Amino acid sequence: MASRVAIIAGVIIVIVIIAALAFITTSQQPQPTTTVSPTPQPTLTQTAQTQQRPTLTVKIGCLFDLTGATSDVGVPWSVGVKGAIQAINNGELTELAKLGIKIECVERDYAYRIPEAQAAYEFFKQQGVVAIIGWGTGDTLALAPSINRDKIPYFSGSYTVTLTVNPYNFFTVVSYQDAAIAAVRFVKQYFQQKGLPAKMALTYPNVPYGLEPLPAIRAEAKRQGVEICDEEIVELTAASAREQITRIKEKCGSNVAIWWGGTTAAGVVILRDMDSLGLDNAIFIANVWGANERLSKALGPELTSKLGGRVYRVTSVMMIDEMKKLASQGIPDAQLFVKYVKAEEEPAVRGWHAAFVLAKAIEKLAKEGKEITGPNIKNALETMGPISVPYAATIEYKPGDHRPTMETWIYVMNKDGTWSRVTTITIERPPFDYYGLEIKPVG
């Protein structure tokens with residue numbers, strides 16, 4: 001009996017031992033799970049690379065007019081700026097992403113009001129921006145003393161030549177004054193070919209943006225023998241220009257070039273009244289903001305067809321349909337623009353260009369191992385030499401002279417609403433007193 005109990009006890013002990021061993025073995029095996037696998041840890045090489053190239057966020061101020069008097073062109077401009085920054089941060093437009101640098105756009109809508117622009121500028125400084133992409137003429141001129149005192153490079157949507165002697169003011173398109181001088185020369189050629197005396201009527205809004213080019217136009221018209229037969233104020237928010245166009249017709253007749261120094265919205269108003277009042281031989285020539293792809297949409301097919309061939313604009317940057325054509329031909333810059341910018345109006349191209357040029361200066365500093373500061377960005381811009389892209393005139397900045405280019409492209413609106421470049425006018429780089437303005441650096 002005792003032996004049987006011993007045998008049973010031994011069997012039980014063996015079973016317990018086997019079970020224990022099975023439990024230990026099973027617990028050591030990987031267990032099935034329905035949870036997401038943890039994120040793989042970086043390898044030693046990846047960690048070293050990360051340590052070598054940490055991501056540095058560079059803040060820039062983005063001052064936009066999205067709701068104010070120039071929002072008709074301010075919105076597409078902002079789309080171009082932000083599209084370029086997105087492409088840069090994705091590593092496709094510049095090498096900044098590869099260098100471990102990200103650009104952050106600190107955005108503010110100031111609705112084209114100078115006090116709001118000044119408040120936004122103070123906010124940008126608090127945020128530690130190293131540069132600003134700004135906007136209008138009045139606000140940029142008002143901010144210029146602070147910009148230069150604080151040494152913050154400022155890329156404006158204002159192209160007035162009075163900014164180009166300031167050490168920290170920059171822009172990327174032919175100046176208002178140089179483009180206007182080209183317009184006067186074009187008007188002279190246009191009427192000479194018709195065997196008629198050249199006459200210009202000036203229309204412009206009563207804001208700094210509209211007023212700044214006028215001395216240069218008057219001075220060049222006198223030099224070229226072009227008569228300024230009338231001047232009329234048409235505000236940016238005008239719903240009618242009938243009285244002004246009536247006076248132009250009385251003073252100048254129908255064979256006249258009407259200069260428009262405002263933005264597209266009021267340009268449409270002027271063209272409608274020009275047509276309704278029977279100025280059938282007049283031509284319309286707008287500054288860079290005064291006519292773009294929006295114009296034909298607002299005019300409608302019938303009026304566009306009627307006015308086609310008599311509506312011109314001055315610029316140094318391509319139109320949207322040209323960008324799309326370049327993209328279809330495999331030009332990388334244009335392909336990236338079409339990929340990142342969903343806008344159908346040319347101001348987007350200029351917004352893109354401003355952000356690109358600023359980013360190239362930052363890229364230059366990064367490659368040279370220099371600190372990304374306002375003074376260093378300024379020096380990079382002034383020493384990087386010509387900046388060439390397939391969609392704009394080549395630009396170059398020099399110390400004391402930030403006029404980016406002296407080349408003006410003249411476009412005509414065709415009867416189908418498309419735009420074609422008809423000529424390029426390149427003027428000599430004149431002394432600053434050529435413009436009929438007192439131009440000197442601000443304090």
# chains A, B, ... in the order shown; residues from 1 in each chain; ligands from 1
>>> select_by_dssp(residues="region 128-254 of chain A", states="helix (DSSP H, G or I)", output="PDB file with C-alpha atoms, in the first residue's frame")
ATOM      1  CA  THR A 137       3.226 100.955 -50.707  1.00  0.00           C
ATOM      2  CA  GLY A 138       1.814 103.139 -47.945  1.00  0.00           C
ATOM      3  CA  ASP A 139       2.460 100.638 -45.184  1.00  0.00           C
ATOM      4  CA  THR A 140       5.890  99.630 -46.484  1.00  0.00           C
ATOM      5  CA  LEU A 141       6.986 103.257 -46.652  1.00  0.00           C
ATOM      6  CA  ALA A 142       5.600 103.847 -43.159  1.00  0.00           C
ATOM      7  CA  LEU A 143       7.467 100.825 -41.803  1.00  0.00           C
ATOM      8  CA  ALA A 144      10.740 101.520 -43.640  1.00  0.00           C
ATOM      9  CA  PRO A 145      12.441 103.401 -40.765  1.00  0.00           C
ATOM     10  CA  SER A 146      11.634 100.565 -38.344  1.00  0.00           C
ATOM     11  CA  ILE A 147      12.666  97.922 -40.859  1.00  0.00           C
ATOM     12  CA  ASN A 148      16.090  99.494 -41.300  1.00  0.00           C
ATOM     13  CA  ARG A 149      16.546 100.224 -37.591  1.00  0.00           C
ATOM     14  CA  ASP A 150      15.641  96.650 -36.659  1.00  0.00           C
ATOM     15  CA  VAL A 161      11.757 102.780 -56.612  1.00  0.00           C
ATOM     16  CA  THR A 162      11.922 104.970 -53.492  1.00  0.00           C
ATOM     17  CA  LEU A 163      12.374 101.769 -51.478  1.00  0.00           C
ATOM     18  CA  TYR A 176       6.663 100.957 -60.697  1.00  0.00           C
ATOM     19  CA  GLN A 177       8.666 103.885 -62.010  1.00  0.00           C
ATOM     20  CA  ASP A 178      10.811 101.898 -64.437  1.00  0.00           C
ATOM     21  CA  ALA A 179       7.763 100.031 -65.745  1.00  0.00           C
ATOM     22  CA  ALA A 180       5.896 103.337 -66.140  1.00  0.00           C
ATOM     23  CA  ILE A 181       8.810 104.809 -68.070  1.00  0.00           C
ATOM     24  CA  ALA A 182       8.651 101.768 -70.352  1.00  0.00           C
ATOM     25  CA  ALA A 183       4.903 102.334 -70.745  1.00  0.00           C
ATOM     26  CA  VAL A 184       5.463 105.934 -71.879  1.00  0.00           C
ATOM     27  CA  ARG A 185       8.000 104.759 -74.456  1.00  0.00           C
ATOM     28  CA  PHE A 186       5.602 102.063 -75.646  1.00  0.00           C
ATOM     29  CA  VAL A 187       2.780 104.607 -76.016  1.00  0.00           C
ATOM     30  CA  LYS A 188       5.045 106.832 -78.107  1.00  0.00           C
ATOM     31  CA  GLN A 189       5.922 103.914 -80.401  1.00  0.00           C
ATOM     32  CA  TYR A 190       2.270 102.841 -80.654  1.00  0.00           C
ATOM     33  CA  PHE A 191       0.988 106.208 -81.888  1.00  0.00           C
ATOM     34  CA  GLN A 192       4.027 106.856 -84.087  1.00  0.00           C
ATOM     35  CA  GLN A 193       3.183 103.679 -85.991  1.00  0.00           C
ATOM     36  CA  PRO A 208       0.710 106.163 -52.207  1.00  0.00           C
ATOM     37  CA  TYR A 209       0.689 103.160 -54.533  1.00  0.00           C
ATOM     38  CA  GLY A 210      -1.126 105.139 -57.233  1.00  0.00           C
ATOM     39  CA  LEU A 211       0.748 108.405 -56.697  1.00  0.00           C
ATOM     40  CA  LEU A 214       3.384 109.868 -61.428  1.00  0.00           C
ATOM     41  CA  PRO A 215       6.520 112.074 -61.294  1.00  0.00           C
ATOM     42  CA  ALA A 216       8.422 109.513 -63.352  1.00  0.00           C
ATOM     43  CA  ILE A 217       5.604 109.313 -65.924  1.00  0.00           C
ATOM     44  CA  ARG A 218       5.385 113.096 -66.250  1.00  0.00           C
ATOM     45  CA  ALA A 219       9.156 113.484 -66.553  1.00  0.00           C
ATOM     46  CA  GLU A 220       9.484 110.724 -69.147  1.00  0.00           C
ATOM     47  CA  ALA A 221       6.497 111.998 -71.136  1.00  0.00           C
ATOM     48  CA  LYS A 222       8.177 115.392 -71.365  1.00  0.00           C
ATOM     49  CA  ARG A 223      11.448 113.796 -72.504  1.00  0.00           C
ATOM     50  CA  GLN A 224       9.663 111.654 -75.115  1.00  0.00           C
ATOM     51  CA  ARG A 242     -18.033 107.611 -66.023  1.00  0.00           C
ATOM     52  CA  GLU A 243     -17.362 111.230 -65.025  1.00  0.00           C
ATOM     53  CA  GLN A 244     -13.608 110.778 -65.269  1.00  0.00           C
ATOM     54  CA  ILE A 245     -13.747 109.047 -68.663  1.00  0.00           C
ATOM     55  CA  THR A 246     -16.118 111.711 -69.966  1.00  0.00           C
ATOM     56  CA  ARG A 247     -13.562 114.405 -69.102  1.00  0.00           C
ATOM     57  CA  ILE A 248     -10.799 112.368 -70.739  1.00  0.00           C
ATOM     58  CA  LYS A 249     -12.851 112.111 -73.917  1.00  0.00           C
ATOM     59  CA  GLU A 250     -13.490 115.874 -73.922  1.00  0.00           C
ATOM     60  CA  LYS A 251      -9.834 116.805 -73.308  1.00  0.00           C
ATOM     61  CA  CYS A 252      -8.017 114.064 -75.191  1.00  0.00           C
TER      62      CYS A 252
END
>>> closest_atom_pairs(of="region 193-302 of chain A", to="region 308-321 of chain A", cutoff="7 Å", atoms="only C-alpha atoms", output="JSON lines")
{"residue": "A:Ile283", "atom": "CA", "partner": "A:Arg310", "partner_atom": "CA", "distance": 4.7}
{"residue": "A:Phe284", "atom": "CA", "partner": "A:Val311", "partner_atom": "CA", "distance": 4.8}
{"residue": "A:Ile285", "atom": "CA", "partner": "A:Tyr312", "partner_atom": "CA", "distance": 4.5}
{"residue": "A:Ala286", "atom": "CA", "partner": "A:Arg313", "partner_atom": "CA", "distance": 4.6}
{"residue": "A:Asn287", "atom": "CA", "partner": "A:Val314", "partner_atom": "CA", "distance": 5.5}
{"residue": "A:Val288", "atom": "CA", "partner": "A:Thr315", "partner_atom": "CA", "distance": 5.1}
{"residue": "A:Ala291", "atom": "CA", "partner": "A:Arg313", "partner_atom": "CA", "distance": 6.3}
>>> write_last_selection(atoms="all heavy atoms", output="PDB file, in the first residue's frame")
ATOM      1  N   ILE A 283      -6.432 103.157 -76.112  1.00  0.00           N
ATOM      2  CA  ILE A 283      -5.833 101.958 -75.548  1.00  0.00           C
ATOM      3  C   ILE A 283      -5.714 102.153 -74.035  1.00  0.00           C
ATOM      4  O   ILE A 283      -5.719 103.279 -73.533  1.00  0.00           O
ATOM      5  CB  ILE A 283      -4.455 101.631 -76.166  1.00  0.00           C
ATOM      6  CG1 ILE A 283      -3.435 102.733 -75.850  1.00  0.00           C
ATOM      7  CG2 ILE A 283      -4.581 101.371 -77.655  1.00  0.00           C
ATOM      8  CD1 ILE A 283      -2.010 102.379 -76.264  1.00  0.00           C
ATOM      9  N   PHE A 284      -5.643 101.058 -73.344  1.00  0.00           N
ATOM     10  CA  PHE A 284      -5.583 101.036 -71.880  1.00  0.00           C
ATOM     11  C   PHE A 284      -4.281 100.346 -71.518  1.00  0.00           C
ATOM     12  O   PHE A 284      -3.997  99.245 -72.006  1.00  0.00           O
ATOM     13  CB  PHE A 284      -6.793 100.251 -71.369  1.00  0.00           C
ATOM     14  CG  PHE A 284      -6.848  99.985 -69.896  1.00  0.00           C
ATOM     15  CD1 PHE A 284      -7.560 100.809 -69.050  1.00  0.00           C
ATOM     16  CD2 PHE A 284      -6.238  98.861 -69.340  1.00  0.00           C
ATOM     17  CE1 PHE A 284      -7.666 100.546 -67.684  1.00  0.00           C
ATOM     18  CE2 PHE A 284      -6.324  98.578 -67.988  1.00  0.00           C
ATOM     19  CZ  PHE A 284      -7.038  99.434 -67.156  1.00  0.00           C
ATOM     20  N   ILE A 285      -3.455 100.994 -70.692  1.00  0.00           N
ATOM     21  CA  ILE A 285      -2.196 100.365 -70.289  1.00  0.00           C
ATOM     22  C   ILE A 285      -2.074 100.454 -68.771  1.00  0.00           C
ATOM     23  O   ILE A 285      -2.102 101.545 -68.197  1.00  0.00           O
ATOM     24  CB  ILE A 285      -0.980 100.969 -71.023  1.00  0.00           C
ATOM     25  CG1 ILE A 285       0.303 100.216 -70.644  1.00  0.00           C
ATOM     26  CG2 ILE A 285      -0.858 102.466 -70.798  1.00  0.00           C
ATOM     27  CD1 ILE A 285       1.453 100.435 -71.615  1.00  0.00           C
ATOM     28  N   ALA A 286      -1.996  99.319 -68.126  1.00  0.00           N
ATOM     29  CA  ALA A 286      -2.074  99.232 -66.670  1.00  0.00           C
ATOM     30  C   ALA A 286      -0.729  98.894 -66.061  1.00  0.00           C
ATOM     31  O   ALA A 286       0.117  98.225 -66.677  1.00  0.00           O
ATOM     32  CB  ALA A 286      -3.090  98.177 -66.252  1.00  0.00           C
ATOM     33  N   ASN A 287      -0.554  99.357 -64.824  1.00  0.00           N
ATOM     34  CA  ASN A 287       0.596  98.930 -64.041  1.00  0.00           C
ATOM     35  C   ASN A 287       0.481  97.440 -63.738  1.00  0.00           C
ATOM     36  O   ASN A 287      -0.522  96.793 -64.060  1.00  0.00           O
ATOM     37  CB  ASN A 287       0.694  99.763 -62.757  1.00  0.00           C
ATOM     38  CG  ASN A 287      -0.246  99.268 -61.679  1.00  0.00           C
ATOM     39  OD1 ASN A 287       0.138  98.539 -60.769  1.00  0.00           O
ATOM     40  ND2 ASN A 287      -1.512  99.663 -61.775  1.00  0.00           N
ATOM     41  N   VAL A 288       1.472  96.892 -63.060  1.00  0.00           N
ATOM     42  CA  VAL A 288       1.558  95.453 -62.868  1.00  0.00           C
ATOM     43  C   VAL A 288       0.372  94.871 -62.097  1.00  0.00           C
ATOM     44  O   VAL A 288       0.000  93.710 -62.285  1.00  0.00           O
ATOM     45  CB  VAL A 288       2.895  95.097 -62.177  1.00  0.00           C
ATOM     46  CG1 VAL A 288       2.910  95.615 -60.740  1.00  0.00           C
ATOM     47  CG2 VAL A 288       3.185  93.610 -62.230  1.00  0.00           C
ATOM     48  N   ALA A 291      -4.083  94.867 -64.169  1.00  0.00           N
ATOM     49  CA  ALA A 291      -4.740  93.985 -65.134  1.00  0.00           C
ATOM     50  C   ALA A 291      -4.101  92.613 -65.049  1.00  0.00           C
ATOM     51  O   ALA A 291      -2.881  92.494 -65.008  1.00  0.00           O
ATOM     52  CB  ALA A 291      -4.614  94.542 -66.556  1.00  0.00           C
TER      53      ALA A 291
END
>>> atom_distance(atom1="CA of Ile88 (chain A)", atom2="CA of Glu107 (chain A)")
16.9 Å
>>> closest_atom_pairs(of="region 329-378 of chain A", to="region 132-135 of chain A", cutoff="10 Å", atoms="only C-alpha atoms", output="JSON lines")
{"residue": "A:Gly351", "atom": "CA", "partner": "A:Ile133", "partner_atom": "CA", "distance": 8.9}
{"residue": "A:Ala354", "atom": "CA", "partner": "A:Ile133", "partner_atom": "CA", "distance": 7.5}
{"residue": "A:Ala355", "atom": "CA", "partner": "A:Ile133", "partner_atom": "CA", "distance": 7.4}
{"residue": "A:Leu358", "atom": "CA", "partner": "A:Ile133", "partner_atom": "CA", "distance": 8.7}
{"residue": "A:Gly374", "atom": "CA", "partner": "A:Ile132", "partner_atom": "CA", "distance": 9.9}
>>> closest_residue(among="A:Ala239, A:Ala69, A:Val226, A:Val129", to="Ile103 (chain A)", atoms="only C-alpha atoms")
A:Val129
>>> closest_residue(among="A:Ala111, A:Leu99, A:Ile270, A:Glu231", to="Leu66 (chain A)", atoms="only C-alpha atoms")
A:Ala111
>>> closest_residue(among="A:Ser78, A:Ser420, A:Glu92, A:Ala131", to="Gly61 (chain A)", atoms="only C-alpha atoms")
A:Ala131
>>> select_by_dssp(residues="region 272-437 of chain A", states="strand (DSSP E or B)", output="CSV table (one decimal) with N, CA and C atoms, in the first residue's frame")
chain,number,residue,atom,x,y,z
A,283,ILE,N,-6.4,103.2,-76.1
A,283,ILE,CA,-5.8,102.0,-75.5
A,283,ILE,C,-5.7,102.2,-74.0
A,284,PHE,N,-5.6,101.1,-73.3
A,284,PHE,CA,-5.6,101.0,-71.9
A,284,PHE,C,-4.3,100.3,-71.5
A,285,ILE,N,-3.5,101.0,-70.7
A,285,ILE,CA,-2.2,100.4,-70.3
A,285,ILE,C,-2.1,100.5,-68.8
A,286,ALA,N,-2.0,99.3,-68.1
A,286,ALA,CA,-2.1,99.2,-66.7
A,286,ALA,C,-0.7,98.9,-66.1
A,311,VAL,N,-5.8,96.4,-74.7
A,311,VAL,CA,-5.6,96.4,-73.3
A,311,VAL,C,-4.2,95.9,-73.0
A,312,TYR,N,-3.3,96.7,-72.4
A,312,TYR,CA,-2.0,96.3,-72.2
A,312,TYR,C,-1.6,96.4,-70.7
A,313,ARG,N,-0.5,95.7,-70.3
A,313,ARG,CA,-0.1,95.7,-68.9
A,313,ARG,C,1.5,95.7,-68.9
A,314,VAL,N,2.1,96.2,-67.9
A,314,VAL,CA,3.6,96.2,-67.8
A,314,VAL,C,3.9,95.3,-66.6
A,315,THR,N,5.0,94.4,-66.8
A,315,THR,CA,5.4,93.5,-65.7
A,315,THR,C,6.8,93.0,-66.0
A,317,VAL,N,7.2,89.4,-65.1
A,317,VAL,CA,6.9,88.0,-64.6
A,317,VAL,C,5.8,87.5,-65.5
A,387,ILE,N,20.0,86.3,-60.1
A,387,ILE,CA,19.0,85.3,-59.8
A,387,ILE,C,18.1,85.1,-61.0
A,388,SER,N,18.3,83.9,-61.7
A,388,SER,CA,17.6,83.7,-62.9
A,388,SER,C,16.6,82.5,-62.7
A,389,VAL,N,15.4,82.7,-63.2
A,389,VAL,CA,14.4,81.7,-63.2
A,389,VAL,C,13.7,81.7,-64.6
A,392,ALA,N,10.6,84.7,-65.0
A,392,ALA,CA,10.7,86.1,-64.7
A,392,ALA,C,12.0,86.7,-65.2
A,393,ALA,N,12.1,88.0,-65.3
A,393,ALA,CA,13.3,88.6,-65.7
A,393,ALA,C,14.4,88.4,-64.6
A,394,THR,N,15.6,88.2,-65.1
A,394,THR,CA,16.7,88.1,-64.1
A,394,THR,C,16.9,89.3,-63.2
A,395,ILE,N,17.1,89.0,-61.9
A,395,ILE,CA,17.3,90.1,-61.0
A,395,ILE,C,18.6,90.1,-60.3
A,398,LYS,N,22.3,95.1,-55.5
A,398,LYS,CA,23.6,95.7,-55.2
A,398,LYS,C,23.5,96.6,-54.0
A,401,ASP,N,21.6,100.0,-54.0
A,401,ASP,CA,20.7,100.0,-55.2
A,401,ASP,C,20.0,98.6,-55.3
A,407,GLU,N,14.2,95.6,-66.8
A,407,GLU,CA,13.6,95.0,-68.0
A,407,GLU,C,12.0,95.0,-67.7
A,408,THR,N,11.3,95.5,-68.7
A,408,THR,CA,9.8,95.5,-68.6
A,408,THR,C,9.2,94.8,-69.8
A,409,TRP,N,8.3,93.9,-69.5
A,409,TRP,CA,7.6,93.1,-70.5
A,409,TRP,C,6.2,93.7,-70.7
A,410,ILE,N,5.9,94.0,-71.9
A,410,ILE,CA,4.6,94.6,-72.3
A,410,ILE,C,3.7,93.4,-72.8
A,411,TYR,N,2.5,93.3,-72.2
A,411,TYR,CA,1.6,92.2,-72.6
A,411,TYR,C,0.3,92.9,-73.1
A,412,VAL,N,-0.3,92.2,-74.0
A,412,VAL,CA,-1.6,92.6,-74.6
A,412,VAL,C,-2.7,91.5,-74.3
A,413,MET,N,-3.9,92.0,-74.0
A,413,MET,CA,-5.0,91.0,-73.8
A,413,MET,C,-5.6,90.7,-75.2
A,419,TRP,N,-3.4,86.3,-72.8
A,419,TRP,CA,-2.4,87.4,-72.8
A,419,TRP,C,-1.2,87.0,-73.6
A,420,SER,N,-0.6,87.9,-74.3
A,420,SER,CA,0.6,87.6,-75.1
A,420,SER,C,1.6,88.7,-74.9
A,421,ARG,N,2.9,88.4,-74.8
A,421,ARG,CA,3.9,89.4,-74.6
A,421,ARG,C,4.2,90.0,-76.0
A,422,VAL,N,4.1,91.3,-76.1
A,422,VAL,CA,4.3,91.9,-77.4
A,422,VAL,C,5.7,92.5,-77.6
A,423,THR,N,6.3,92.9,-76.5
A,423,THR,CA,7.7,93.5,-76.6
A,423,THR,C,8.3,93.5,-75.2
A,424,THR,N,9.6,93.7,-75.2
A,424,THR,CA,10.4,93.9,-74.0
A,424,THR,C,11.1,95.3,-74.1
A,425,ILE,N,11.0,96.1,-73.1
A,425,ILE,CA,11.6,97.4,-73.1
A,425,ILE,C,12.6,97.4,-72.0
A,426,THR,N,13.9,97.5,-72.3
A,426,THR,CA,14.9,97.6,-71.2
A,426,THR,C,15.5,99.0,-71.2
>>> closest_residue(among="A:Ile101, A:Val442, A:Ile152, A:Val173", to="Thr373 (chain A)", atoms="only C-alpha atoms")
A:Ile152
>>> residues_around(residues="Leu279 (chain A)", least_positions_apart="2", cutoff="10 Å", atoms="only C-alpha atoms", output="mmCIF file with N, CA and C atoms, in the first residue's frame")
data_model
loop_
_atom_site.group_PDB
_atom_site.id
_atom_site.type_symbol
_atom_site.label_atom_id
_atom_site.label_comp_id
_atom_site.auth_asym_id
_atom_site.auth_seq_id
_atom_site.Cartn_x
_atom_site.Cartn_y
_atom_site.Cartn_z
ATOM 1 N N ILE A 245 -13.965 109.415 -67.263
ATOM 2 C CA ILE A 245 -13.747 109.047 -68.663
ATOM 3 C C ILE A 245 -14.382 110.081 -69.589
ATOM 4 N N THR A 246 -15.494 110.656 -69.177
ATOM 5 C CA THR A 246 -16.118 111.711 -69.966
ATOM 6 C C THR A 246 -15.172 112.897 -70.120
ATOM 7 N N ILE A 248 -11.916 112.798 -69.891
ATOM 8 C CA ILE A 248 -10.799 112.368 -70.739
ATOM 9 C C ILE A 248 -11.187 112.469 -72.211
ATOM 10 N N LYS A 249 -12.386 112.051 -72.523
ATOM 11 C CA LYS A 249 -12.851 112.111 -73.917
ATOM 12 C C LYS A 249 -12.906 113.556 -74.405
ATOM 13 N N GLY A 253 -9.825 113.338 -76.658
ATOM 14 C CA GLY A 253 -10.348 112.644 -77.815
ATOM 15 C C GLY A 253 -10.262 111.143 -77.632
ATOM 16 N N SER A 254 -10.476 110.406 -78.706
ATOM 17 C CA SER A 254 -10.498 108.947 -78.626
ATOM 18 C C SER A 254 -9.123 108.322 -78.835
ATOM 19 N N ASN A 255 -8.243 109.024 -79.543
ATOM 20 C CA ASN A 255 -6.900 108.495 -79.796
ATOM 21 C C ASN A 255 -5.987 108.840 -78.623
ATOM 22 N N VAL A 256 -6.097 108.057 -77.572
ATOM 23 C CA VAL A 256 -5.375 108.342 -76.344
ATOM 24 C C VAL A 256 -5.042 107.029 -75.642
ATOM 25 N N LEU A 271 -12.518 100.290 -67.940
ATOM 26 C CA LEU A 271 -12.672 99.718 -69.282
ATOM 27 C C LEU A 271 -14.128 99.689 -69.721
ATOM 28 N N ASP A 273 -16.506 101.744 -68.817
ATOM 29 C CA ASP A 273 -16.938 103.106 -69.138
ATOM 30 C C ASP A 273 -16.213 103.642 -70.369
ATOM 31 N N MET A 274 -14.986 103.242 -70.574
ATOM 32 C CA MET A 274 -14.262 103.624 -71.782
ATOM 33 C C MET A 274 -15.011 103.127 -73.015
ATOM 34 N N ASP A 275 -15.525 101.919 -72.930
ATOM 35 C CA ASP A 275 -16.274 101.357 -74.055
ATOM 36 C C ASP A 275 -17.640 102.015 -74.209
ATOM 37 N N SER A 276 -18.362 102.166 -73.101
ATOM 38 C CA SER A 276 -19.728 102.700 -73.192
ATOM 39 C C SER A 276 -19.746 104.153 -73.655
ATOM 40 N N LEU A 277 -18.665 104.888 -73.406
ATOM 41 C CA LEU A 277 -18.606 106.288 -73.816
ATOM 42 C C LEU A 277 -17.962 106.481 -75.187
ATOM 43 N N ASN A 281 -10.982 104.194 -80.111
ATOM 44 C CA ASN A 281 -9.592 104.154 -80.564
ATOM 45 C C ASN A 281 -8.604 104.204 -79.408
ATOM 46 N N ALA A 282 -9.120 104.328 -78.202
ATOM 47 C CA ALA A 282 -8.244 104.443 -77.036
ATOM 48 C C ALA A 282 -7.624 103.096 -76.692
ATOM 49 N N ILE A 283 -6.432 103.157 -76.112
ATOM 50 C CA ILE A 283 -5.833 101.958 -75.548
ATOM 51 C C ILE A 283 -5.714 102.153 -74.035
#
>>> closest_residue(among="A:Ala198, A:Ile331, A:Val174, A:Ala359", to="Arg403 (chain A)", atoms="only C-alpha atoms")
A:Val174
>>> closest_residue(among="A:Glu363, A:Glu438, A:Glu368, A:Glu396", to="Lys98 (chain A)", atoms="only C-alpha atoms")
A:Glu363
>>> atom_distance(atom1="CA of Trp77 (chain A)", atom2="CA of Val130 (chain A)")
20.7 Å
>>> atom_distance(atom1="CA of Lys151 (chain A)", atom2="CA of Leu437 (chain A)")
25.1 Å
